[in-house]
Structure formats: C-alpha cells, structure tokens
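A.B. asks: Here it is, the structure in full.
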Amino acid sequence: MSEETWTPSKKKSLLDPRTKLLLIFVEAVLVLATTGGERLFWFRIVFAVLPFLLLLSAKRYKICIIGLAVLCTIFLLEYTVFPYAHGLSASMLVLVITIINRFLPAYLTGVYVIRTTKVSEFKAAMEKLHMPDVLTIPMCVMFRFFPTIREENEAIRAAMKMRGIRFGGGKVGKMLEYRIVPMITCAAKIGEELSAAALTRGLGKYKKRTNICHIGFGWADIVIFLLVAATVLYWILGVFA
Amino acid sequence: MIEFDNVSFAYDAAPEQKSLCDFSLTVKDGECVLITGPSGCGKSTLLRLLNGLIPEFYSGTAEGKVQINGEEIQGIGIEELAGRIGTVFQNPRSQFFNVDTTGELAFGAENLAIPEEEILRRIGRTVKAFQIELLMDRNIFELSGGEKQKIACASINVLEPEIILLDEPSANLDYEAAESLRQLITCWKEMGKTILIAEHRINYIWDLADRVIVLENGALKKEIQKEEINRFTEEDTSHFGLRSLERISPVSLVKNTEQAETDDVIHLENFHYSYDKKHEIFNIPSMRIAKGKVTAIVGKNGAGKTTFLEVLSGIRKNDGIMGLDGKSYSSKKRLGKIFMVMQDVNHQLFTESVLDEVLISQPEENEEEAKKILAEVGLLSFADRHPMSLSGGQKQRVALACAIASKLPILLLDEPTSGLDHAQMYTVGEILNRMKGEGRTIITVTHDSEFIEHCCDEVIQIKEA
C-alpha cells in the first residue's frame with residue numbers, strides 16, 4: 001500500500017511509562033513521606049526540582065509557573081510571616097507550609113505522568129510488567145476519566161454560576177450537594193456508556209491483546225534509574241553506618 | 001442476512017411495558033435500513049438485540065428469534081459479536097476509551113488480537129477512505145463533537161465488520177457534522193456493508209436508505225420501500241409524526257428585520273471573546289435582538305455559538321455591555337439575570353426531585369405555583385421523581401420549567417432540540433411560545449432548520465472572528 005498517506009508516529013515521550021511509575025513511587029516515599037530524614041535532604045531537593053524539569057521538557061509551562069508561584073509564596077510565608085506568628089496562627093502556618101511543600105512535587109509528577117502518557121503506552125507497560133487485567137483496565141479507565149471529570153466539573157460550575165443567585169439565603173450548605181450530585185450522575189452515565197462501547201469493540205475477548213504502541217527505555221530513563229539507585233544506596237549506607 | 005422473527009422484548013426496569021412487540025424484519029446483506037419513530041418506539045432496543053448489549057448489559061425478557069446468517073445470536077456474548085457487528089453510539093463524548101485518536105482507532109483491533117502490522121494497514125486504509133489525516137495523533141478531548149463522531153466511525157471501520165449499527169449518531173451533531181456523517185455512511189454503503197440506522201433526524205440520510213421502517217410502541221407501523229422513499233412528501237412525514245425530510249442549512253434561513261433603536265430591543269455592544277490572545281472566537285461590535293420574541297442564533301461549526309450564550313449569560317466574563325430597558329448590564333450584572341438551558345441538561349439538574357428543582361429556581365419558593373408550572377410542561381405526575389431517572393426529553397422540560405419558574409426576562413437555549421422527536425420538538429415550541437406570551441425574550445442557538453421554521457421569529461447568524 002504505497003499510496004497510504006498516514007504513517008504511524010514514531011514520537012515517544014521522554015520517559016518510559018515504567019520509569020514514570022517508579023518516579024511517582026519515589027516522589028511519594030522520599031518527598032511526601034520524607035523517608036530517610038535529614039541524611040537524604042539534598043536528594044529530596046533534587047527530586048523536588050525534577051518534576052519542574054520534566055514539565056518543562058513536556059512544554060507544560062503554565063502548570064510549571066503556577067507550581068513555582070505556589071512554592072515562592074510558601075517560602076515567603078516561611079521566612080517573612082512565620083517568625084512573627086504565635087499560637088494558633090503559627091501552628092496553622094506550619095501545617096499549610098509542610099503540606100504544600102511535601103505534596104507539591106508528588107502532585108506535579110502526577111500531572112506530568114497523566115499529561116504525557118497515552119492510555120495505550122500505559123497498557124503496554126503494564127503488560128510488560130505482567131500486571132493482571134483486573135488491575136490494568138480500571139487504571140486505564142482512570143486515565144481517560146480525569147479529563148472527563150474536569151470537563152463535567154467545568155460545565156456544572158458554569159450551570160451553578162448561572163443559577164447562583166438563586167442559591168442565596170439559607171441554602172449555602174447545600175452548595176456542595178448541588179455540585180456533587182450532578183457530577184456523580186454524569187460520571188456514572190458516561191462510565192456506563194463507555195463500558196457499553198468498549199464491550200461492543202471486544203474489550204476482554206482474549207487474554208492476550210495486541211498493542212500497536214511500542215515502549216522502551218532511553219537515556220532519560222537511565223538517568224532517572226541511576227539517580228534512584230544512588231539515593232537508595234546512600235540511604236542504605238546511612239542505615240548501616 | 002439479519003432476521004428478527006416474532007421478537008418481543010421488555011426491559012427489567014419496566015417489565016409491564018413491551019419495548020418490542022412481536023416484531024419481524026429481514027435485512028439482506030448490503031442493505032441500508034433506516035429505523036425511525038418517536039422516542040421510546042423501540043429503535044434502540046432493536047439495535048441492542050443485535051450487538052449483544054441485550055441481554056448482557058440491559059437485562060430483560062426476550063421472546064422470538066434474532067439470527068445473523070441463520071445463526072441464533074441471543075446469548076452469544078457481546079465480545080463474540082465484536083468484529084462482526086460494529087456500533088456507533090449517540091454520545092460522542094462517551095464512546096472512546098483512549099485519550100489519543102490513533103490509539104482509539106487501534107483499540108478494537110487490539111482487543112481482537114489482530115497482528116500489529118495488519119492493524120496499521122487497516123488504520124491506513126481507514127484514514128484514507130474517511131479522509132481523517134488531520135485528526136490523527138490528536139487528543140480526543142480537543143476535538144469537536146462532529147470530529148469525535150468521525151473517530152468513532154473510523155474505529156468501527158478498522159474492525160471491518162459486515163454489519164454496522166448506528167444508534168442516533170447525529171443527535172449531538174450540527175448541520176455540517178451531520179452532512180459529513182452522511183459521507184461516511186455513503187462510504188460504508190459503497191463498501192457493501194449492511195447498515196442499520198436508528199434516527200429521529202431522518203433528513204440527512206433519507207435518500208441513502210434502501211428501506212425505511214417506522215416503529216410505534218414496539219411494533220411496525222409502516223415499511224417504506226425504495227420507490228416510495230423517493231416519492232415521500234413532507235405531508236407524509238407529518239402524517240407519521242416524523243421529522244422533516246428537507247436538508248436546509250440553518251444559515252440559509254437568516255432573517256433579521258432591522259431593529260430600530262427603541263425600547264423593544266436588547267442591545268449588545270462590543271461582544272467578543274477569546275480563550276487566549278491569539279484566537280478570537282467571535283467579535284460582535286453591535287447586535288440588536290428583538291425583545292419578547294424568539295430569536296435563533298445560527299452559525300457554522302466553530303463560530304462560537306455556545307460561547308456566545310455563555311458570555312451573554314455572564315458565565316464567561318467579557319467587557320461586552322448589554323442594554324435592556326434603558327439600563328446597562330456588564331457581564332457581572334448579567335449573571336443571575338438570565339436563565340440558560342444548556343445542551344447537556346444533566347449539568348444543571350441538582351436536586352433529588354423534579355419539584356425541588358423547580359422550587360430552587362423560584363425567586364421565592366411557592367409550591368402551588370411550582371406545581372402549576374409542572375402541569376403546564378406536562379410533568380406534574382413526575383413531581384416526586386429524581387430528575388436523573390427521566391428521559392432526555394423530559395429532563396429538558398424540567399429545565400424549561402425551571403426557566404419559567406425563575407421569572408427571569410431572558411431565556412437562553414443551547415441546541416434545545418438535539419435528540420428530540422417530532423412531538424417533543426413541538427412541545428418545546430409550545431413552551432417557548434407561552435413564555436413569549438409573557439413578554440420574555442428567548443434566544444436559542446440551534447442547527448435545527450425545522451425548529452427554526454416552526455417557532456423562531458428572527459434568525460441571526462454569527463460568524464467566526
């Protein structure tokens with residue numbers, strides 16, 4: 001078929017989906033749960049900066065700038081406001097600062113992974129890791145569902161805004177319910193239609209599906225692996241020292 | 001060959017009501033059959049019996065035989081039929097599993113464990129036949145409804161089934177998108193596929209059909225053969241309660257009597273909107289809309305019709321000013337002064353009962369009046385039902401009841417007739433006329449030429465900036 005006008009794209013994302021999974025795990029353990037304590041401080045800094053670099057490599061500038069802005073605000077709070085705070089306000093500040101400092105890198109890594117991984121790439125990775133379908137398929141659906149939920153949420157917010165003035169008075173407490181009820185019903189309806197469509201296209205017919213998507217490790221994956229290995233090694237040395 | 005032999009079916013959800021009743025039909029290989037009839041006539045049930053969604057997905061009691069090439073298919077299993085039967089569904093947003101278009105096209109074939117090179121060859125052929133080069137390697141969430149529906153058709157085509165079912169595929173499409181859907185169906189016809197289409201909106205495929213089946217209450221009302229299809233007139237369609245046959249572009253219906261600068265107009269000044277600095281969606285320096293009338297807003301795909309309504313209602317901020325009764329309204333002031341019925345009404349039904357929904361829309365709750373309004377839109381017997389348990393047409397009437405209850409002077413509607421049958425469309429028209437009688441102004445975005453001719457006084461086109 002020489003006259004074919006379409007050729008499969010060879011473009012791959014910088015990291016293999018398996019590396020991305022590893023990265024999420026490391027971010028959660030090292031930065032979020034602060035495993036390793038003071039000894040791993042500099043590694044933690046590296047892993048906190050890493051999501052920004054990855055987002056830059058994926059040309060996600062907006063979220064990068066927002067992340068930086070949040071980080072700057074937190075630092076400002078920590079060094080200008082915090083020293084003068086006392087009592088309840090001080091503990092509130094500590095809470096906010098710690099939560100954001102710890103969650104932000106993991107959250108940004110999550111954003112990077114969701115935005116740069118195709119469902120089929122993810123599926124291919126899970127198959128290579130010999131994960132069972134009962135685990136893989138719900139996770140694939142989640143990938144597809146994040147943007148859906150965002151779309152639905154925006155539409156519902158618009159609808160509420162339009163009728164907002166009617167929700168005044170004693171009904172403020174009901175706002176959350178009004179927001180969540182249509183959200184759940186819409187998501188459930190889409191989920192049901194989606195599974196009907198997927199079943200009619202043979203999802204689950206054979207144990208072994210084919211996959212036109214190729215994944216593989218590149219130089220960036222090796223860099224991340226070395227970094228993770230170095231962290232673990234340094235940590236273990238510290239434990240036995 | 002597809003054979004329905006004395007088939008009856010009742011859903012478990014409504015066992016007393018037969019969705020199909022002693023129905024028989026034979027479809028020859030390569031035939032294109034259009035199945036139509038009012039909402040709830042059993043069109044979708046017919047298709048679901050074929051693709052296996054009944055009984056696996058929608059349970060119920062079935063009688064009679066459904067056979068493909070002499071083989072009974074009841075109980076075979078949905079995925080066994082995949083690859084032999086392909087189905088295009090109504091909602092473009094809920095029938096793709098992947099986020100990228102290429103992965104989506106491969107999805108079905110991957111499930112059937114077709115070798116990789118063969119999948120790529122088939123995708124190549126499909127892309128060429130359907131002319132969708134520009135849609136490849138894209139994020140599906142960034143595509144328009146019409147483009148999504150094209151991808152849905154293409155992903156079915158990659159499976160190369162002999163039988164193709166389409167369940168109200170145009171319900172959410174505008175005029176041009178329906179026309180391009182027509183082209184894809186023509187393409188399938190040329191490939192010799194057996195095609196069954198369930199539709200309300202029959203105009204865009206009427207002359208493609210080899211046979212038309214009109215259903216009513218689950219039974220055959222009229223079978224129209226090819227010769228008769230060509231002779232079928234508008235009077236005949238209204239006799240059978242069907243939608244119009246004429247393919248008229250809504251843009252060709254523009255009629256806007258020059259509104260004088262009086263108190264009887266709503267004046268829009270400097271209405272423009274852009275998502276980012278580069279792309280302006282629309283730009284309207286000045287527009288006058290007649291007060292107390294029904295005005296249709298038409299425009300090509302991507303002309304920003306929905307965005308225009310969102311800006312007008314104040315949901316989206318801009319610096320346009322609306323003048324009404326000598327007062328000026330900025331976008332902030334418009335918010336809450338204008339009621340909007342969205343295209344997907346599911347997004348604006350918040351409460352647990354139909355009555356509550358109307359009550360929260362009233363400036364001050366008044367149950368007696370709310371019930372009166374529900375009676376007017378024919379929903380009084382549903383007052384205690386959960387809005388989400390209603391049919392699409394009924395949900396929309398709930399939203400219209402809320403609009404009436406709100407007592408707001410301006411009502412905006414986004415594609416109010418999508419997916420509605422002939423009778424439901426007329427009901428919407430009646431409700432709008434009643435609101436007009438109260439002196440309210442109704443502005444509706446629509447692609448439905450029949451609806452425009454039925455109940456719109458003015459037709460204004462907005463153009464892409």
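Following the order of the structure tokens, chains are lettered A, B, ..., residues in each are numbered from 1, and ligands are numbered from 1.
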I need the chain B residues near chain A as a VMD selection string; criterion: at most 6 Å, counting only C-alpha atoms.

C.D. replies: chain B and resid 78 to 79 82 94 to 95 98 to 99 108 110 to 111 113 116 124 315 335 to 336 347 to 348 350

A.B. asks: Would you kindly return, as a list in words, each protein, DNA or RNA residue with an atom no farther than 9 Å from any atom of Leu55 (chain A), considering only C-alpha atoms and excluding same-chain residues fewer than 5 positions away?

C.D. replies: Leu50, Arg60, Tyr61, Ile63, Cys64, Leu108, Thr109, Val111 and Tyr112 of chain A

A.B. asks: Can I get the selected residues back with N, CA and C atoms, as a compact mmCIF listing (two decimals), in the first residue's frame?

C.D. replies:
# COMPACT_ATOMS: atom_id res chain seq x y z
N LEU A 50 13.02 17.97 40.13
CA LEU A 50 12.83 17.12 38.96
C LEU A 50 11.47 17.29 38.25
N ARG A 60 4.86 22.01 29.31
CA ARG A 60 3.72 22.38 30.16
C ARG A 60 4.13 23.59 31.00
N TYR A 61 4.28 24.72 30.32
CA TYR A 61 4.83 25.90 31.01
C TYR A 61 3.89 26.46 32.07
N ILE A 63 1.51 25.15 34.06
CA ILE A 63 1.45 24.46 35.36
C ILE A 63 2.78 24.63 36.08
N CYS A 64 3.87 24.71 35.31
CA CYS A 64 5.20 24.93 35.86
C CYS A 64 5.25 26.27 36.60
N LEU A 108 2.88 17.44 41.13
CA LEU A 108 3.37 17.84 39.80
C LEU A 108 3.84 16.64 39.00
N THR A 109 4.47 15.67 39.68
CA THR A 109 4.87 14.45 38.97
C THR A 109 3.63 13.75 38.43
N VAL A 111 0.79 15.13 37.60
CA VAL A 111 0.31 15.89 36.45
C VAL A 111 1.12 15.54 35.21
N TYR A 112 2.47 15.51 35.40
CA TYR A 112 3.34 15.18 34.27
C TYR A 112 3.00 13.81 33.69

A.B. asks: Identify, on the basis of only C-alpha atoms, every residue whose closest approach to region 232-237 of chain A does not exceed 12 Å; exclude the query and any residue fewer than 6 positions from it along the same chain; express the result as a PDB file with N, CA and C atoms, in the first residue's frame.

C.D. replies:
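The resulting selection00.pdb:
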ATOM      1  N   VAL A  26       8.876   6.980  44.047  1.00  0.00           N
ATOM      2  CA  VAL A  26       9.985   7.613  44.763  1.00  0.00           C
ATOM      3  C   VAL A  26       9.563   8.971  45.320  1.00  0.00           C
ATOM      4  N   VAL A  29       7.490   8.328  48.423  1.00  0.00           N
ATOM      5  CA  VAL A  29       8.224   7.817  49.583  1.00  0.00           C
ATOM      6  C   VAL A  29       9.216   8.858  50.103  1.00  0.00           C
ATOM      7  N   LEU A  30       9.963   9.444  49.170  1.00  0.00           N
ATOM      8  CA  LEU A  30      11.077  10.303  49.582  1.00  0.00           C
ATOM      9  C   LEU A  30      10.613  11.710  49.965  1.00  0.00           C
ATOM     10  N   THR A  35      10.904   9.824  53.883  1.00  0.00           N
ATOM     11  CA  THR A  35      11.697   8.693  54.356  1.00  0.00           C
ATOM     12  C   THR A  35      13.184   9.073  54.280  1.00  0.00           C
ATOM     13  N   GLY A  36      13.952   8.573  55.243  1.00  0.00           N
ATOM     14  CA  GLY A  36      15.398   8.810  55.175  1.00  0.00           C
ATOM     15  C   GLY A  36      15.858  10.011  55.984  1.00  0.00           C
ATOM     16  N   GLY A  37      14.919  10.878  56.369  1.00  0.00           N
ATOM     17  CA  GLY A  37      15.242  12.005  57.249  1.00  0.00           C
ATOM     18  C   GLY A  37      16.272  12.970  56.686  1.00  0.00           C
ATOM     19  N   GLU A  38      17.037  13.606  57.597  1.00  0.00           N
ATOM     20  CA  GLU A  38      17.982  14.665  57.249  1.00  0.00           C
ATOM     21  C   GLU A  38      19.041  14.215  56.244  1.00  0.00           C
ATOM     22  N   ARG A  39      19.469  12.968  56.391  1.00  0.00           N
ATOM     23  CA  ARG A  39      20.567  12.459  55.572  1.00  0.00           C
ATOM     24  C   ARG A  39      20.281  12.604  54.072  1.00  0.00           C
ATOM     25  N   LEU A  40      19.000  12.433  53.694  1.00  0.00           N
ATOM     26  CA  LEU A  40      18.665  12.480  52.268  1.00  0.00           C
ATOM     27  C   LEU A  40      18.205  13.868  51.819  1.00  0.00           C
ATOM     28  N   PHE A  41      18.462  14.896  52.640  1.00  0.00           N
ATOM     29  CA  PHE A  41      17.968  16.241  52.340  1.00  0.00           C
ATOM     30  C   PHE A  41      18.264  16.689  50.917  1.00  0.00           C
ATOM     31  N   TRP A  42      19.517  16.546  50.484  1.00  0.00           N
ATOM     32  CA  TRP A  42      19.887  17.037  49.151  1.00  0.00           C
ATOM     33  C   TRP A  42      19.246  16.218  48.041  1.00  0.00           C
ATOM     34  N   PHE A  43      19.079  14.930  48.284  1.00  0.00           N
ATOM     35  CA  PHE A  43      18.380  14.097  47.302  1.00  0.00           C
ATOM     36  C   PHE A  43      16.930  14.556  47.176  1.00  0.00           C
ATOM     37  N   ARG A  44      16.361  14.907  48.353  1.00  0.00           N
ATOM     38  CA  ARG A  44      14.972  15.365  48.349  1.00  0.00           C
ATOM     39  C   ARG A  44      14.843  16.636  47.511  1.00  0.00           C
ATOM     40  N   PHE A 225      17.003   6.155  36.614  1.00  0.00           N
ATOM     41  CA  PHE A 225      17.342   4.934  37.345  1.00  0.00           C
ATOM     42  C   PHE A 225      18.604   5.127  38.175  1.00  0.00           C
ATOM     43  N   LEU A 226      19.640   5.733  37.559  1.00  0.00           N
ATOM     44  CA  LEU A 226      20.893   5.959  38.287  1.00  0.00           C
ATOM     45  C   LEU A 226      20.650   6.838  39.509  1.00  0.00           C
TER      46      LEU A 226
END

A.B. asks: Give me the residues within 9 Å of Ser13 (chain A) as number ranges by chain, counting only C-alpha atoms and dropping any in the same chain fewer than 4 places off.

C.D. replies: A: 17, 58, 116-117

A.B. asks: Neighbouring residues of Glu78 (chain A) were defined as those with any atom within 12 Å, considering only C-alpha atoms; residues of the same chain fewer than 2 positions away were excluded. Please report them as a VMD selection string.

C.D. replies: chain A and resid 71 to 76 80 to 85 90 to 98 100 to 101

A.B. asks: Generate the output file for the selected residues, C-alpha atoms, as a PDB file, in the first residue's frame.

C.D. replies:
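The resulting selection-v5.pdb:
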ATOM      1  CA  LEU A  71       6.487  27.468  46.022  1.00  0.00           C
ATOM      2  CA  CYS A  72       7.636  31.111  46.198  1.00  0.00           C
ATOM      3  CA  THR A  73       4.578  32.080  48.220  1.00  0.00           C
ATOM      4  CA  ILE A  74       5.302  29.269  50.647  1.00  0.00           C
ATOM      5  CA  PHE A  75       8.934  30.348  51.042  1.00  0.00           C
ATOM      6  CA  LEU A  76       7.874  33.947  51.575  1.00  0.00           C
ATOM      7  CA  THR A  80       8.635  36.648  56.494  1.00  0.00           C
ATOM      8  CA  VAL A  81       5.339  35.894  58.193  1.00  0.00           C
ATOM      9  CA  PHE A  82       6.117  32.762  60.192  1.00  0.00           C
ATOM     10  CA  PRO A  83       8.745  34.255  62.570  1.00  0.00           C
ATOM     11  CA  TYR A  84       6.132  36.782  63.774  1.00  0.00           C
ATOM     12  CA  ALA A  85       3.245  34.324  64.133  1.00  0.00           C
ATOM     13  CA  ALA A  90       1.715  29.690  63.900  1.00  0.00           C
ATOM     14  CA  SER A  91       0.589  26.069  64.006  1.00  0.00           C
ATOM     15  CA  MET A  92      -1.821  26.694  61.132  1.00  0.00           C
ATOM     16  CA  LEU A  93       1.032  28.133  59.095  1.00  0.00           C
ATOM     17  CA  VAL A  94       3.321  25.209  59.872  1.00  0.00           C
ATOM     18  CA  LEU A  95       0.595  22.857  58.757  1.00  0.00           C
ATOM     19  CA  VAL A  96      -0.041  24.653  55.465  1.00  0.00           C
ATOM     20  CA  ILE A  97       3.661  25.055  54.700  1.00  0.00           C
ATOM     21  CA  THR A  98       4.527  21.417  55.393  1.00  0.00           C
ATOM     22  CA  ILE A 100       2.223  22.105  50.388  1.00  0.00           C
ATOM     23  CA  ASN A 101       5.983  21.564  50.470  1.00  0.00           C
TER      24      ASN A 101
END

A.B. asks: Which is closest to Tyr273 (chain B) among B:Phe308, B:Ser252, B:Leu112, B:Ser244, if we use only C-alpha atoms?

C.D. replies: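 Comparing B:Phe308, B:Ser252, B:Leu112, B:Ser244 against Tyr273 (chain B), the winner is B:Phe308.
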
A.B. asks: Apply DSSP to the structure's backbone, then extract all residues of region 23-232 of chain A labelled helix (DSSP H, G or I) and return them as a ChimeraX atom specification.

C.D. replies: /A:23-32,37-57,61-84,87-116,119-128,133-167,169-200,219-232

A.B. asks: Could you give me, as a PyMOL selection string, the residues within 12 Å of Arg247 (chain B), counting only C-alpha atoms and dropping anything in the same chain fewer than 6 positions from it?

C.D. replies: chain B and resi 175-176+178-179+182+201-207+234+253+447-450

A.B. asks: Rank nothing, just name the residue among B:Thr441, B:Asn433, B:Gln131, B:Asn230 nearest to Val265 (chain B), using only C-alpha atoms.

C.D. replies: B:Thr441

A.B. asks: Using backbone DSSP assignments, extract all strand (DSSP E or B) residues from region 137-353 of chain B; output them as JSON, numbers by chain.

C.D. replies: {"B": [139, 163, 164, 165, 166, 167, 194, 195, 196, 197, 198, 211, 212, 213, 214, 215, 216, 219, 220, 221, 222, 223, 224, 225, 255, 265, 266, 267, 268, 269, 270, 271, 272, 273, 274, 280, 281, 282, 283, 284, 285, 286, 287, 288, 289, 290, 294, 295, 296, 297, 298, 321, 322, 323, 324, 327, 328, 329, 338, 339, 340, 341]}

A.B. asks: Work out how far apart CA of Ala401 (chain B) and CA of Thr444 (chain B) are and give it in Å to one decimal.

C.D. replies: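 Calculated distance between CA of Ala401 (chain B) and CA of Thr444 (chain B) is 16.2 Å.
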